[in-house]
Every structure is written in C-alpha cells, then in structure tokens.
Amino acid sequence: MKTSGLLIACSCLIFGCMGKPQFPEQEKDPNFWNRWAQQTLNNAMTLQNLNKNKAKNLILFLGDGMGVPTVTAARILKGQLSGHSGEETQLEMDKFPFVSLAKTYNTNAQVPDSAGTATAYLCGVKANEGTVGVSAAAVRSQCNTTKGNEVTSILRWAKDAKKSVGIVTTTRVNHATPSAAYAHCVDRDWYSDNEMPADALQSGCKDIARQLFENIPNIDVIMGGGRKYMYPKNMPDVEYPTQSKHNGTRKDGRNLVEEWTNKRNNERAHYVWNKNQLLSLNPNNVDYLLGLFEPVEMSYELERNTDTDPSLTEMVDVAINILKKNPNGFYLLVEGGRIDHGHHEGKAKQALHEAVEMDRAIGRSGLLTSTHDTLSVVTADHSHVFSFGGYTHRGNTIFGLSPMLSDVDQKPFTAILYGNGPGYKIVNGRRENISTTKYDDNNYQAQAAVPLSLETHGGEDVAVFAKGPLAHLLHGVHEQNYIPHVMAYAACIGQNKQHCYLNDGAVGIQPLFSSIATILMVTWLLC
C-alpha cells in the first residue's frame, strides 16, 4: 500500500493533481498546430500524383489481433520507449499514405477467428471460422468436405508468376495465418498428424506441416516456430533435448526437415534453428532458407533470448535480402503473430511490445525496398476486446493508472482494460484493488469485465495501411477478401494478369468490357 501511495503521489507531481498535465510549451501557440496542419496538407497534395507503376514486389504485414486500439496504444508505447509522451509519435505504418478499413467477419461468424480471416486476405474469398485455404462450402473438422473446395493464395499466384515467395512469423509456421498461404485444411488445429482424428487420416486429409512442404514445394523462405511438428514422435528437440513437451509429434515417423534438406542437397539451401546460424548466412549465397527457431511459438519480444533467438526485424531483414535477388520480384508474408497471444492472455504489455517490434520490422522493410516498385500493406486479421481510457493525462504511461478512482467502488483502475478474459478477479466479493498488485509487470493481466480463461477477439473493422504501386486502391471500407485482389492487380498476377499492360513501367488496367465496347463502337462507325 505504501508503494502504491508513493506511485500515486509521484503521478500527481508529474501530471498535476488538479487536472493540469504538462505538455510541450510550443503546443500553446496556435501557429504550431497551423504550421503542422499546413505541412500535412502540402504532403497530402503530392498524393494526387498516383503511383501507377507495376508492383514488382508485394509485402503483407499482418499484425494478428492488431485492432485500432492496439495500433494507438502501440504508438504511445513506441514514443514512451524513446522518452517522449507518446501520443504525438508516428509508427512506421502511420507514415503510409493510404488507409482504409476492412470488414473482418467470417462467413459463419460475426466475430471472426484467424483462420477464416487468413483465407480472406490471402486467398481472396471469405470462409468459415477454423478453416484455411478452403471455401465456405467446407465444414470445419469434416475431412470429406475438403476436396473440390480448395482455394489458392496470392503466395501461390506469385510463385506461378516466377516470383520468389516467403513466410516469416513469430508463431509456428503451421499456425492459422501462415497456413492459409499454402494449405487446404478444414481444421486449423491439424498441425501434424498427431493432432488429427483417425477418420480424417484414413480419408486422406493431410496435416498442415506436411502441406507446408508438399503443396508449394519451392517456397523460398520459411521462418518462425513450430519445429516439433516436423519431427518423428518422441524425437528430442535440438534445443531442449531434456524437455519431453518439446519432442517431435509426428506419428508417421517422417522427418520433414531432413526431407527438405535432402531434396535441396545440390541447391543453395540452408536450415537454421538459432540466431547465430541465421545471421551468419550471406543472403547472396542463399536461395532457400528454412528457419525453425522454437518447438512451438517463438518467445515474446520482452522474453526473447537476444543471443539465441532472432527478432522479427532480423528475420525480415534476411528474408528480403534473399528474396529480392529474383529479377521477377517477390511476395512476402510477415506476421506479428504474438500480438494476438498477448491479448488472449490478458497481457497487454506483451501484446503492445509485440506490435512495436512489428513496426520496427516495417521500418526495416522500407529501408530495403522502394515504393517505386514495392506495394506494402499493413493490416490485422481481427481486433480484440482491448481498450484504454479513463481520462488519462497527456504522457501517462500506457500501462499506468487512470488519474481518477471509480466513483462506485472507490478503487483505482488502469487505463488498459479488457471486455473479458483472465484478468477478471473478485476479492472478498468485490473488484480486486489493483494498488496491491504490480500492474506494470510484463505479465500483469489487466482487469476484465467478464471472466474467461482466454480473452476473445473483437468484431470491429480493422485498419489497412498501404504504400507503393496502386496503393490508392485500398481506400474506403471494403470486405477483407478484397486485399489480395488489389495486391495481385498491382503486380499483374493471379486472375488479374490478363488485364495488365506495360507503359514505361506503369500498369494500366483495362476492363474487358471496355475493350469490347471500343470494338463495337469502331464497327458501328465504319458501318
């Protein structure tokens, strides 16, 4: 209690107990805001000259669970980590000139899951929750509804166009988001054959790990977690040989990593499982890379062993330097997947630091590519029931207390709260007094209104940030499955390639009916 009292007293000294928070002196001058707005206006005027180049490269950054409140809170955190108040900070994604909204619902769910949404923004069709790479005609967990309902992804379209392709994630590489890029599976949880029911195996359905290597066998770069699903059951893990929970899971006895390595024995292919191996590679001498850095998910950024585990930014750096060697360009899917996990666990600090790290990766990507020929898109699959409020003062630590007490139970509360989740806690019949807790700990679970073992997704629209060729087509409010169609349209791949023509590096899109109308008009005039 004494510590809590000291914290509150310090907060009063810093921000003012009379509701008079400190802020930069220049902000008192109207000219400051007018000049800033005019500069922003001048910058906006330049966007009238639209970038209509053909996109050689395509990059999709997917912040799993990164709803708009998470973006805003991550922006504040990024600024505060640099010693600023935070609110005025710009994320790298904030600098993208075009922003739109995507509707995230699944075909059978108002509030979606990551599998159905991944099928939308990767394959271009909406799907049922829990399914990846199949249409809504497929039913979750029913193997016999797979065949004939498969849908292909933009990663496949890019590969068919002779581009290099890559997947980088902080989750397991056979998790919901990345799996929709290559798999056709009626159950997102079929990570290996160990997780599949006997009838599904007998009916010929394949686990997702197997599909990673068999469906599109020449994926150039694969990085993330999920190592244990690639090895025979009970085979000790290379990094944690004494921990049985990390042993291999495959009942079929296959060693998928060994198979991948043997198949590329005469190619410039490398398998790595730690940071040192990854960063010792010369991208100029690597054509294929498989990096599996953890048995399941990679560690949270706040808990990452910086000596042994690469960051998302480091993985993205290596991936782009490998992929960009292809003169035909590349497609890269990057997932900041553990934003979602942090929120599900009610651990906002973990989630927001994951979001900040993904933003660093976005910045690194920008340094390695050019908006002249690279279309970059940043979005989320869904939101969470995460919020922050409470009339906090300017510069209030994003993980801190509201300056007010509840006028109902007279207890303090943090700015960050969840609508439901594991942070719900009642002590002696009343809401827990958080002044007795360490609410700034990395794993503190923010208070929630409804008790659940895991917090849930949110159903609101998510932001879509875009820059590069034809980025302006991502505008307004659209269905989530619109995203890969725009990206393919810009790069002249997939079903859109027949509509493209080149003119000094620019791409023009002429609808089929326009061409027919022109022919008919000429015919009419000649007659």
# chains A, B, ... in the order shown; residues from 1 in each chain; ligands from 1

$ select_by_dssp --residues "region 371-503 of chain A" --states "alpha helix (DSSP H)" --output "list in words"
Tyr482, Ile483, Pro484, His485, Val486, Met487, Ala488, Tyr489, Ala490 and Ala491 of chain A

$ select_by_dssp --residues "region 11-235 of chain A" --states "strand (DSSP E or B)" --output "number ranges by chain"
A: 53, 57-63, 98-103, 106, 109, 132, 134, 150, 164-172, 185, 221-225, 232

$ atom_distance --atom1 "CA of Gly400 (chain A)" --atom2 "CA of Leu81 (chain A)"
14.1 Å

$ residues_around --residues "Trp157 (chain A)" --least-positions-apart "4" --cutoff "12 Å" --atoms "only C-alpha atoms" --output "PyMOL selection string"
chain A and resi 58+122-124+151-153+161-165+181-182+216+330-331+484-485+487-489+491-497

$ closest_residue --among "A:Thr145, A:Gly421, A:Val186, A:Thr169" --to "Glu129 (chain A)" --atoms "only C-alpha atoms"
A:Val186

$ atom_distance --atom1 "CA of Asp407 (chain A)" --atom2 "CA of Asn443 (chain A)"
27.7 Å

$ atom_distance --atom1 "CA of Gly458 (chain A)" --atom2 "CA of Thr104 (chain A)"
9.6 Å

$ closest_residue --among "A:Ile416, A:Cys185, A:Leu368, A:Ile362" --to "Lys95 (chain A)" --atoms "only C-alpha atoms"
A:Ile362
